[in-house]
Amino acid sequence: MITACNNSRLHGRTAVPFRARLLAAFLGLALVAAGCGDDEADDASASASASATADASASATDTADEADENADTAQATDDGSSGDGSADGGEDGDAAAAGYYPVTIEHDLGSTTIPAAPVRVLAMTDQGELAALLAMGIKPIAYGQRVPGEIEYLAAAGAYDPEIEIFEGNAEINFEQLVTFQPDLIVGQIGFITPENIETYQEIAPTVPIGFDDWQQGLLDIGAIFDDVDTAEAKIAELEGLIADFPSRVPFAEGRSVSVALGFPGFGIYQLTNASILGGLLESAGAAPLPEPTNEQDPSGNQLSLEEIEQIDGEGLILLNFEGASAGGGADAEEFWDSQPLFPSLPSVAEDRYVYWSGGEAFASNFINALTIPVLLDALERTLTEFFAE
C-alpha cells in the first residue's frame with residue numbers, strides 16, 4: 001500500500017511466512033553461503049560488513065560526487081531515458097518523476113529514502129531482486145552471480161546482456177567493489193543485506209532489502225521505487241493467474257503421488273516436503289501431499305539416510321540435478337542415484353516414472369520469483385503429463 005506523505009510516498013510491506021528455503025542450504029552449496037532467510041542475519045555477511053565498513057565508507061565518500069554527476073548526466077540524455085530501462089523518457093516522464101520523488105520505501109530492516117529516479121541499479125544476487133527488476137523491464141548495471149553457469153530463464157530475461165556487469169556474488173561482500181559500480185540504488189535479498197551491514201550499503205547508495213521468496217512484495221517494492229506500481233500489480237496478477245490455472249492443466253494428477261528428491265555424493269539424500277514450492281503446487285493440483293517436515297529450521301526438505309531411501313515411495317519421482325554446484329552436481333547426481341542398491345526397487349523407478357530436472361528447471365524449484373514461476377509450472381506440467389496422462 002502506498003500513501004502520500006507530503007512530497008514523498010511511503011511504501012509499506014506486509015510480511016508473509018517464509019515458505020521455501022533454498023534446498024542448497026541443506027547441502028552446504030556455495031550457492032547460498034549467505035542470504036536465504038528473511039529473519040536471520042547471515043554471519044558471513046555480518047563479518048564482511050564489520051571488516052569492510054571503514055574502507056567502504058571512505059571509498060563511498062570519495063566517489064559520491066562523481067556518482068551523482070554520472071547519474072545527473074544519464075538522466076539528462078537527449079531522449080530523457082536512462083539507457084538502462086529504469087526511467088521514463090521525455091518531458092512528461094521527467095515531470096512525473098519530479099512529482100514522485102523523494103520516495104520512502106519501508107522494508108524489514110527499516111526504511112530507505114530514494115531522492116530521485118534511479119538510473120544505475122545494482123542487484124546483489126541473481127535471485128529474487130534481479131528477477132523483479134528484469135520482470136519490470138529494468139536493466140541493472142551489475143549483479144552478483146550466485147547460480148553457476150548460464151541459466152535458461154535468466155538468459156531469456158536478458159540477464160546476460162553484455163552491457164550488464166556480472167560480479168561474483170560471494171558471501172563475503174566486497175563493498176569496495178560495489179563502490180566502483182557507482183550505483184544510485186542497491187537492491188539485495190535479506191541475508192546479504194543485514195541489520196549489521198545495511199548502513200555500509202547506505203553509505204554507497206540508497207539500499208532496499210528484499211525478502212528471499214516473497215516475490216509479490218519484491219515486485220511491489222520495485223514498482224514503488226520506480227513509480228510504476230500498476231505494472232508490478234499487473235505482473236503479480238498475471239503470475240497468480242498462472243498458478244491458479246495450473247490444476248486445470250494437469251487434471252490427471254488428481255490423487256496421484258509424486259516424490260521429489262535430491263542426492264549428492266558424500267552426504268546422503270533430501271526429500272522435499274509439503275512445505276516446499278513443489279509441494280504446494282502438487283497439492284494445489286490435487287496430488288497426494290508430500291511428506292510432512294521433520295526439520296523445523298529448514299522445513300522444505302527432510303534428510304534421509306541411504307538406508308531410508310524406501311521412504312521415497314511416490315508413483316512418480318522428480319530428481320533435482322544441480323549441475324555445477326560445489327557439493328557435486330551434473331553427472332555426479334545421476335551416478336549417485338544409480339549407485340544406490342535400493343534405487344531400482346523404488347515404485348517410481350520400477351515403473352519407469354522418474355525424471356531428472358537439471359539447469360533452470362532444478363533451480364526454479366528452489367527460487368520462487370517472477371522469472372521462475374512460468375518455468376516451474378511448465379516443467380511440472382510436462383512431467384506430470386509424462387507420468388500420468390493416458
# chains A, B, ... in the order shown; residues from 1 in each chain; ligands from 1

call {"tool": "closest_atom_pairs", "arguments": {"of": "range 101-169 of chain A", "to": "range 204-207 of chain A", "cutoff": "8 Å", "atoms": "only C-alpha atoms", "output": "CSV"}}
result
residue,atom,partner,partner_atom,distance
A:Thr112,CA,A:Pro206,CA,6.4
A:Thr113,CA,A:Pro206,CA,6.8
A:Ile114,CA,A:Pro206,CA,6.1

call {"tool": "write_last_selection", "arguments": {"atoms": "all heavy atoms", "output": "tab-separated table (two decimals), in the first residue's frame"}}
result
chain	number	residue	atom	x	y	z
A	112	THR	N	14.09	3.26	3.57
A	112	THR	CA	15.10	3.87	2.70
A	112	THR	C	14.44	4.96	1.89
A	112	THR	O	13.39	4.74	1.27
A	112	THR	CB	15.71	2.83	1.75
A	112	THR	OG1	16.37	1.82	2.53
A	112	THR	CG2	16.71	3.47	0.80
A	113	THR	N	15.03	6.13	1.87
A	113	THR	CA	14.53	7.24	1.06
A	113	THR	C	15.35	7.33	-0.21
A	113	THR	O	16.59	7.38	-0.17
A	113	THR	CB	14.59	8.55	1.82
A	113	THR	OG1	13.73	8.47	2.97
A	113	THR	CG2	14.13	9.72	0.95
A	114	ILE	N	14.66	7.37	-1.33
A	114	ILE	CA	15.30	7.46	-2.64
A	114	ILE	C	15.02	8.86	-3.17
A	114	ILE	O	13.87	9.21	-3.44
A	114	ILE	CB	14.76	6.38	-3.58
A	114	ILE	CG1	15.06	5.00	-2.97
A	114	ILE	CG2	15.36	6.49	-4.98
A	114	ILE	CD1	14.34	3.87	-3.63

call {"tool": "residues_around", "arguments": {"residues": "range 313-323 of chain A", "least_positions_apart": "4", "cutoff": "9 Å", "atoms": "only C-alpha atoms", "output": "PyMOL selection string"}}
result
chain A and resi 24+148-149+256-264+288+290+309+328-334+346-349+351-359+361-363+365+383-384+387-388

call {"tool": "closest_atom_pairs", "arguments": {"of": "range 199-262 of chain A", "to": "range 172-195 of chain A", "cutoff": "12 Å", "atoms": "only C-alpha atoms", "output": "tab-separated table"}}
result
residue	atom	partner	partner_atom	distance
A:Glu199	CA	A:Pro195	CA	8.0
A:Thr200	CA	A:Phe175	CA	7.9
A:Tyr201	CA	A:Phe175	CA	7.7
A:Gln202	CA	A:Ile186	CA	8.4
A:Glu203	CA	A:Val179	CA	9.5
A:Ile204	CA	A:Val179	CA	6.1
A:Ala205	CA	A:Asp184	CA	5.2
A:Pro206	CA	A:Leu185	CA	5.1
A:Thr207	CA	A:Ile186	CA	4.6
A:Val208	CA	A:Val187	CA	4.9
A:Pro209	CA	A:Gly188	CA	5.0
A:Ile210	CA	A:Gln189	CA	4.7
A:Gly211	CA	A:Gln189	CA	5.5
A:Phe212	CA	A:Gln189	CA	5.5
A:Asp213	CA	A:Gln189	CA	9.1
A:Asp214	CA	A:Gln189	CA	10.1
A:Trp215	CA	A:Gln189	CA	11.0
A:Gln217	CA	A:Gln189	CA	12.0
A:Gly218	CA	A:Gln189	CA	9.4
A:Leu219	CA	A:Val187	CA	11.8
A:Asp221	CA	A:Val187	CA	9.8
A:Ile222	CA	A:Val187	CA	9.0
A:Ile225	CA	A:Leu185	CA	9.5
A:Phe226	CA	A:Leu185	CA	10.9

call {"tool": "atom_distance", "arguments": {"atom1": "CA of Phe246 in chain A", "atom2": "CA of Glu381 in chain A"}}
result
8.1 Å

call {"tool": "select_by_dssp", "arguments": {"residues": "range 150-248 of chain A", "states": "alpha helix (DSSP H)", "output": "JSON, numbers by chain"}}
result
{"A": [152, 153, 154, 155, 156, 175, 176, 177, 178, 179, 180, 198, 199, 200, 201, 202, 203, 204, 215, 216, 217, 218, 219, 220, 221, 222, 223, 224, 225, 229, 230, 231, 232, 233, 234, 235, 236, 237, 238, 239, 240, 241, 242, 243, 244, 245, 246, 247, 248]}

call {"tool": "closest_residue", "arguments": {"among": "A:Ser284, A:Gln271, A:Ile151, A:Asn369", "to": "Ala131 in chain A", "atoms": "only C-alpha atoms"}}
result
A:Asn369

call {"tool": "atom_distance", "arguments": {"atom1": "CA of Gln303 in chain A", "atom2": "CA of Pro344 in chain A"}}
result
20.0 Å

call {"tool": "closest_residue", "arguments": {"among": "A:Leu122, A:Ile269, A:Ala389, A:Ile141", "to": "Glu308 in chain A", "atoms": "only C-alpha atoms"}}
result
A:Ile269

call {"tool": "closest_residue", "arguments": {"among": "A:Glu196, A:Ala234, A:Pro265, A:Gly286", "to": "Glu335 in chain A", "atoms": "only C-alpha atoms"}}
result
A:Pro265

call {"tool": "select_by_dssp", "arguments": {"residues": "range 159-277 of chain A", "states": "strand (DSSP E or B)", "output": "list of chain:residue names"}}
result
A:Glu165, A:Ile166, A:Phe167, A:Glu168, A:Leu185, A:Ile186, A:Val187, A:Gly188, A:Gln189, A:Ile190, A:Ile193, A:Thr207, A:Val208, A:Pro209, A:Ile210, A:Val258, A:Ser259, A:Val260, A:Ala261, A:Leu262, A:Gly263, A:Phe264, A:Gly268, A:Ile269, A:Tyr270, A:Gln271, A:Leu272

call {"tool": "atom_distance", "arguments": {"atom1": "CA of Ala157 in chain A", "atom2": "CA of His107 in chain A"}}
result
26.1 Å
